[in-house]
Amino acid sequence: TILRFDTDSCFVAAGAVEEDEAITSGHVYRNNGLRVGKNDTWTEGLYEFATSYMEANHMKPRNARLWNIVRKTWEEEQSLPIFYKNFEIVRVSFFRRRDVMAWHEALTEVMPFRVLRHGWSDVRTRVLTMALFAEPEWIITKKHEGYRHGRPVCNDYYKSQDWLSEES
């Protein structure tokens with residue numbers, strides 16, 4: 001399991017017990033939410049690639065609800081939803097599954113090297129990956145109560161902690 005958060009982020013408290021337990025349970029992905037709306041940077045051809053990939057591999061999305069959000073956002077906005085990525089926890093074993101690795105290889109390693117040529121970002125391919133391969137109950141998309149984002153917020157928190165004071 002890998003925890004990733006931005007350098008201008010911090011934890012000021014533990015999350016709710018059920019949140020912390022979910023991190024160590026069977027969930028494969030956890031972040032601070034999903035953003036839907038006009039955000040069309042770095043999406044050229046990505047939705048079409050995903051639908052062609054599913055067709056070529058005779059597959060349906062494992063997470064129909066998330067896929068419907070992807071499809072609807074594309075049809076209505078010509079955009080793709082993204083997960084907030086200033087904080088995420090991922091289970092490595094999920095991303096090492098053969099089907100997930102084959103998808104990522106198709107995105108990055110097969111001509112015409114679409115991620116390189118089109119600049120498809122991980123925030124967009126991550127949503128597609130979760131829609132295609134993760135069961136709905138494997139994903140948590142809500143804010144961790146103890147997480148804070150932003151250098152001023154974290155600096156204020158650190159200053160309030162005795163063990164971090166400059167006098168120590």
# chains A, B, ... in the order shown; residues from 1 in each chain; ligands from 1
call {"tool": "select_by_dssp", "arguments": {"residues": "chain A", "states": "strand (DSSP E or B)", "output": "PyMOL selection string"}}
result
chain A and resi 2-5+9-11+29-31+34-35+82-83+87-90+139-141+147-149
call {"tool": "write_last_selection", "arguments": {"atoms": "N, CA, C and O atoms", "output": "mmCIF file, in the first residue's frame"}}
result
data_model
loop_
_atom_site.group_PDB
_atom_site.id
_atom_site.type_symbol
_atom_site.label_atom_id
_atom_site.label_comp_id
_atom_site.auth_asym_id
_atom_site.auth_seq_id
_atom_site.Cartn_x
_atom_site.Cartn_y
_atom_site.Cartn_z
ATOM 1 N N ILE A 2 0.496 2.207 -0.799
ATOM 2 C CA ILE A 2 1.266 3.447 -0.909
ATOM 3 C C ILE A 2 0.368 4.621 -0.545
ATOM 4 O O ILE A 2 -0.761 4.731 -1.032
ATOM 5 N N LEU A 3 0.882 5.489 0.303
ATOM 6 C CA LEU A 3 0.222 6.744 0.642
ATOM 7 C C LEU A 3 0.942 7.841 -0.116
ATOM 8 O O LEU A 3 2.167 7.918 -0.089
ATOM 9 N N ARG A 4 0.178 8.676 -0.808
ATOM 10 C CA ARG A 4 0.756 9.800 -1.531
ATOM 11 C C ARG A 4 -0.017 11.043 -1.142
ATOM 12 O O ARG A 4 -1.238 11.045 -1.130
ATOM 13 N N PHE A 5 0.714 12.097 -0.799
ATOM 14 C CA PHE A 5 0.054 13.386 -0.614
ATOM 15 C C PHE A 5 1.033 14.484 -0.968
ATOM 16 O O PHE A 5 2.236 14.296 -0.977
ATOM 17 N N SER A 9 0.837 19.436 2.195
ATOM 18 C CA SER A 9 -0.266 18.803 2.913
ATOM 19 C C SER A 9 0.226 18.271 4.247
ATOM 20 O O SER A 9 1.419 18.090 4.451
ATOM 21 N N CYS A 10 -0.735 17.991 5.142
ATOM 22 C CA CYS A 10 -0.373 17.441 6.444
ATOM 23 C C CYS A 10 -1.572 16.726 7.053
ATOM 24 O O CYS A 10 -2.700 16.876 6.590
ATOM 25 N N PHE A 11 -1.308 15.950 8.084
ATOM 26 C CA PHE A 11 -2.367 15.334 8.878
ATOM 27 C C PHE A 11 -2.379 16.030 10.229
ATOM 28 O O PHE A 11 -1.356 16.121 10.899
ATOM 29 N N TYR A 29 -8.285 1.775 -3.420
ATOM 30 C CA TYR A 29 -8.025 3.165 -3.770
ATOM 31 C C TYR A 29 -8.829 4.071 -2.865
ATOM 32 O O TYR A 29 -9.997 3.838 -2.624
ATOM 33 N N ARG A 30 -8.179 5.117 -2.364
ATOM 34 C CA ARG A 30 -8.850 6.079 -1.504
ATOM 35 C C ARG A 30 -8.311 7.457 -1.805
ATOM 36 O O ARG A 30 -7.113 7.643 -1.968
ATOM 37 N N ASN A 31 -9.219 8.440 -1.957
ATOM 38 C CA ASN A 31 -8.784 9.806 -2.198
ATOM 39 C C ASN A 31 -9.799 10.769 -1.606
ATOM 40 O O ASN A 31 -10.704 10.362 -0.893
ATOM 41 N N LEU A 34 -14.173 13.061 -6.106
ATOM 42 C CA LEU A 34 -14.209 13.066 -7.560
ATOM 43 C C LEU A 34 -14.715 14.425 -8.014
ATOM 44 O O LEU A 34 -15.696 14.943 -7.482
ATOM 45 N N ARG A 35 -14.042 15.007 -8.994
ATOM 46 C CA ARG A 35 -14.471 16.290 -9.544
ATOM 47 C C ARG A 35 -14.987 16.058 -10.956
ATOM 48 O O ARG A 35 -14.291 15.489 -11.793
ATOM 49 N N ILE A 82 -12.079 13.738 -12.763
ATOM 50 C CA ILE A 82 -10.787 13.413 -12.153
ATOM 51 C C ILE A 82 -10.976 13.183 -10.661
ATOM 52 O O ILE A 82 -11.891 13.721 -10.047
ATOM 53 N N PHE A 83 -10.097 12.379 -10.093
ATOM 54 C CA PHE A 83 -10.025 12.246 -8.649
ATOM 55 C C PHE A 83 -9.116 13.357 -8.133
ATOM 56 O O PHE A 83 -8.118 13.686 -8.765
ATOM 57 N N PHE A 87 -4.197 13.848 -2.149
ATOM 58 C CA PHE A 87 -4.091 12.789 -1.136
ATOM 59 C C PHE A 87 -4.688 11.519 -1.722
ATOM 60 O O PHE A 87 -5.814 11.525 -2.215
ATOM 61 N N GLU A 88 -3.927 10.436 -1.711
ATOM 62 C CA GLU A 88 -4.472 9.159 -2.149
ATOM 63 C C GLU A 88 -3.715 8.015 -1.504
ATOM 64 O O GLU A 88 -2.547 8.144 -1.134
ATOM 65 N N ILE A 89 -4.414 6.929 -1.359
ATOM 66 C CA ILE A 89 -3.825 5.688 -0.881
ATOM 67 C C ILE A 89 -4.183 4.628 -1.906
ATOM 68 O O ILE A 89 -5.350 4.497 -2.285
ATOM 69 N N VAL A 90 -3.188 3.911 -2.385
ATOM 70 C CA VAL A 90 -3.422 2.881 -3.398
ATOM 71 C C VAL A 90 -2.825 1.552 -2.950
ATOM 72 O O VAL A 90 -1.775 1.514 -2.312
ATOM 73 N N ILE A 139 -13.418 1.404 -3.700
ATOM 74 C CA ILE A 139 -13.006 2.800 -3.848
ATOM 75 C C ILE A 139 -13.668 3.655 -2.771
ATOM 76 O O ILE A 139 -14.878 3.576 -2.575
ATOM 77 N N ILE A 140 -12.870 4.459 -2.112
ATOM 78 C CA ILE A 140 -13.398 5.435 -1.157
ATOM 79 C C ILE A 140 -13.071 6.812 -1.721
ATOM 80 O O ILE A 140 -11.909 7.109 -1.986
ATOM 81 N N THR A 141 -14.092 7.626 -1.911
ATOM 82 C CA THR A 141 -13.865 8.981 -2.429
ATOM 83 C C THR A 141 -14.533 9.989 -1.500
ATOM 84 O O THR A 141 -15.592 10.513 -1.803
ATOM 85 N N TYR A 147 -6.903 15.129 7.327
ATOM 86 C CA TYR A 147 -6.027 15.630 6.269
ATOM 87 C C TYR A 147 -6.285 17.106 6.011
ATOM 88 O O TYR A 147 -7.420 17.549 5.972
ATOM 89 N N ARG A 148 -5.207 17.858 5.825
ATOM 90 C CA ARG A 148 -5.311 19.270 5.448
ATOM 91 C C ARG A 148 -4.387 19.530 4.263
ATOM 92 O O ARG A 148 -3.308 18.945 4.169
ATOM 93 N N HIS A 149 -4.823 20.435 3.412
ATOM 94 C CA HIS A 149 -4.050 20.768 2.220
ATOM 95 C C HIS A 149 -3.779 22.266 2.205
ATOM 96 O O HIS A 149 -4.673 23.069 2.432
#
call {"tool": "residues_around", "arguments": {"residues": "His118 of chain A", "least_positions_apart": "3", "cutoff": "12 Å", "atoms": "only C-alpha atoms", "output": "JSON list (two decimals) with N, CA, C and O atoms, in the first residue's frame"}}
result
[["chain", "number", "residue", "atom", "x", "y", "z"],
["A", 41, "THR", "N", -8.45, 19.75, -20.44],
["A", 41, "THR", "CA", -7.04, 19.69, -20.74],
["A", 41, "THR", "C", -6.56, 18.24, -20.72],
["A", 41, "THR", "O", -6.91, 17.48, -19.83],
["A", 42, "TRP", "N", -5.78, 17.87, -21.68],
["A", 42, "TRP", "CA", -5.14, 16.56, -21.74],
["A", 42, "TRP", "C", -6.12, 15.40, -21.86],
["A", 42, "TRP", "O", -5.94, 14.37, -21.25],
["A", 43, "THR", "N", -7.17, 15.56, -22.66],
["A", 43, "THR", "CA", -8.13, 14.47, -22.83],
["A", 43, "THR", "C", -8.28, 14.01, -24.27],
["A", 43, "THR", "O", -9.01, 13.06, -24.52],
["A", 44, "GLU", "N", -7.58, 14.64, -25.19],
["A", 44, "GLU", "CA", -7.76, 14.33, -26.61],
["A", 44, "GLU", "C", -7.62, 12.83, -26.89],
["A", 44, "GLU", "O", -6.56, 12.24, -26.69],
["A", 45, "GLY", "N", -8.72, 12.22, -27.32],
["A", 45, "GLY", "CA", -8.71, 10.81, -27.72],
["A", 45, "GLY", "C", -8.77, 9.81, -26.57],
["A", 45, "GLY", "O", -8.86, 8.61, -26.82],
["A", 46, "LEU", "N", -8.72, 10.25, -25.34],
["A", 46, "LEU", "CA", -8.64, 9.32, -24.21],
["A", 46, "LEU", "C", -9.94, 8.53, -24.02],
["A", 46, "LEU", "O", -9.90, 7.31, -23.83],
["A", 49, "PHE", "N", -10.19, 6.05, -26.74],
["A", 49, "PHE", "CA", -9.24, 4.96, -26.53],
["A", 49, "PHE", "C", -9.79, 3.96, -25.51],
["A", 49, "PHE", "O", -9.70, 2.74, -25.71],
["A", 107, "LEU", "N", -1.77, 2.10, -22.63],
["A", 107, "LEU", "CA", -1.75, 3.56, -22.53],
["A", 107, "LEU", "C", -0.38, 4.16, -22.80],
["A", 107, "LEU", "O", -0.26, 5.23, -23.40],
["A", 108, "THR", "N", 0.68, 3.47, -22.34],
["A", 108, "THR", "CA", 2.00, 4.11, -22.32],
["A", 108, "THR", "C", 3.05, 3.48, -23.21],
["A", 108, "THR", "O", 3.96, 4.17, -23.65],
["A", 112, "PRO", "N", 0.77, 4.39, -30.75],
["A", 112, "PRO", "CA", 1.64, 5.54, -30.91],
["A", 112, "PRO", "C", 1.99, 6.24, -29.59],
["A", 112, "PRO", "O", 2.14, 7.46, -29.59],
["A", 113, "PHE", "N", 2.13, 5.50, -28.52],
["A", 113, "PHE", "CA", 2.55, 6.06, -27.22],
["A", 113, "PHE", "C", 1.67, 7.25, -26.83],
["A", 113, "PHE", "O", 2.11, 8.37, -26.69],
["A", 114, "ARG", "N", 0.40, 6.94, -26.62],
["A", 114, "ARG", "CA", -0.62, 7.98, -26.46],
["A", 114, "ARG", "C", -0.40, 8.91, -25.27],
["A", 114, "ARG", "O", -0.66, 10.10, -25.35],
["A", 115, "VAL", "N", 0.04, 8.36, -24.15],
["A", 115, "VAL", "CA", 0.27, 9.23, -22.98],
["A", 115, "VAL", "C", 1.33, 10.27, -23.34],
["A", 115, "VAL", "O", 1.18, 11.45, -23.03],
["A", 121, "SER", "N", -2.91, 12.58, -18.61],
["A", 121, "SER", "CA", -2.36, 12.63, -17.26],
["A", 121, "SER", "C", -2.89, 11.51, -16.39],
["A", 121, "SER", "O", -3.92, 10.90, -16.67]]
call {"tool": "residues_around", "arguments": {"residues": "segment 51-58 of chain A", "least_positions_apart": "3", "cutoff": "9 Å", "atoms": "only C-alpha atoms", "output": "MDAnalysis selection string"}}
result
chainID A and resid 46:48 61 103 106 132
call {"tool": "write_last_selection", "arguments": {"atoms": "C-alpha atoms", "output": "compact mmCIF listing (two decimals), in the first residue's frame"}}
result
# COMPACT_ATOMS: atom_id res chain seq x y z
CA LEU A 46 -8.64 9.32 -24.21
CA TYR A 47 -12.34 8.47 -23.90
CA GLU A 48 -12.34 6.95 -27.38
CA PRO A 61 -16.47 -1.75 -16.76
CA TRP A 103 -4.32 -1.46 -19.72
CA ALA A 106 -1.61 -0.03 -23.79
CA LEU A 132 -12.72 -0.37 -15.74
call {"tool": "select_by_dssp", "arguments": {"residues": "segment 11-135 of chain A", "states": "alpha helix (DSSP H)", "output": "ChimeraX atom specification"}}
result
/A:17-24,46-56,64-77,92-95,98-108,114-118,122-133
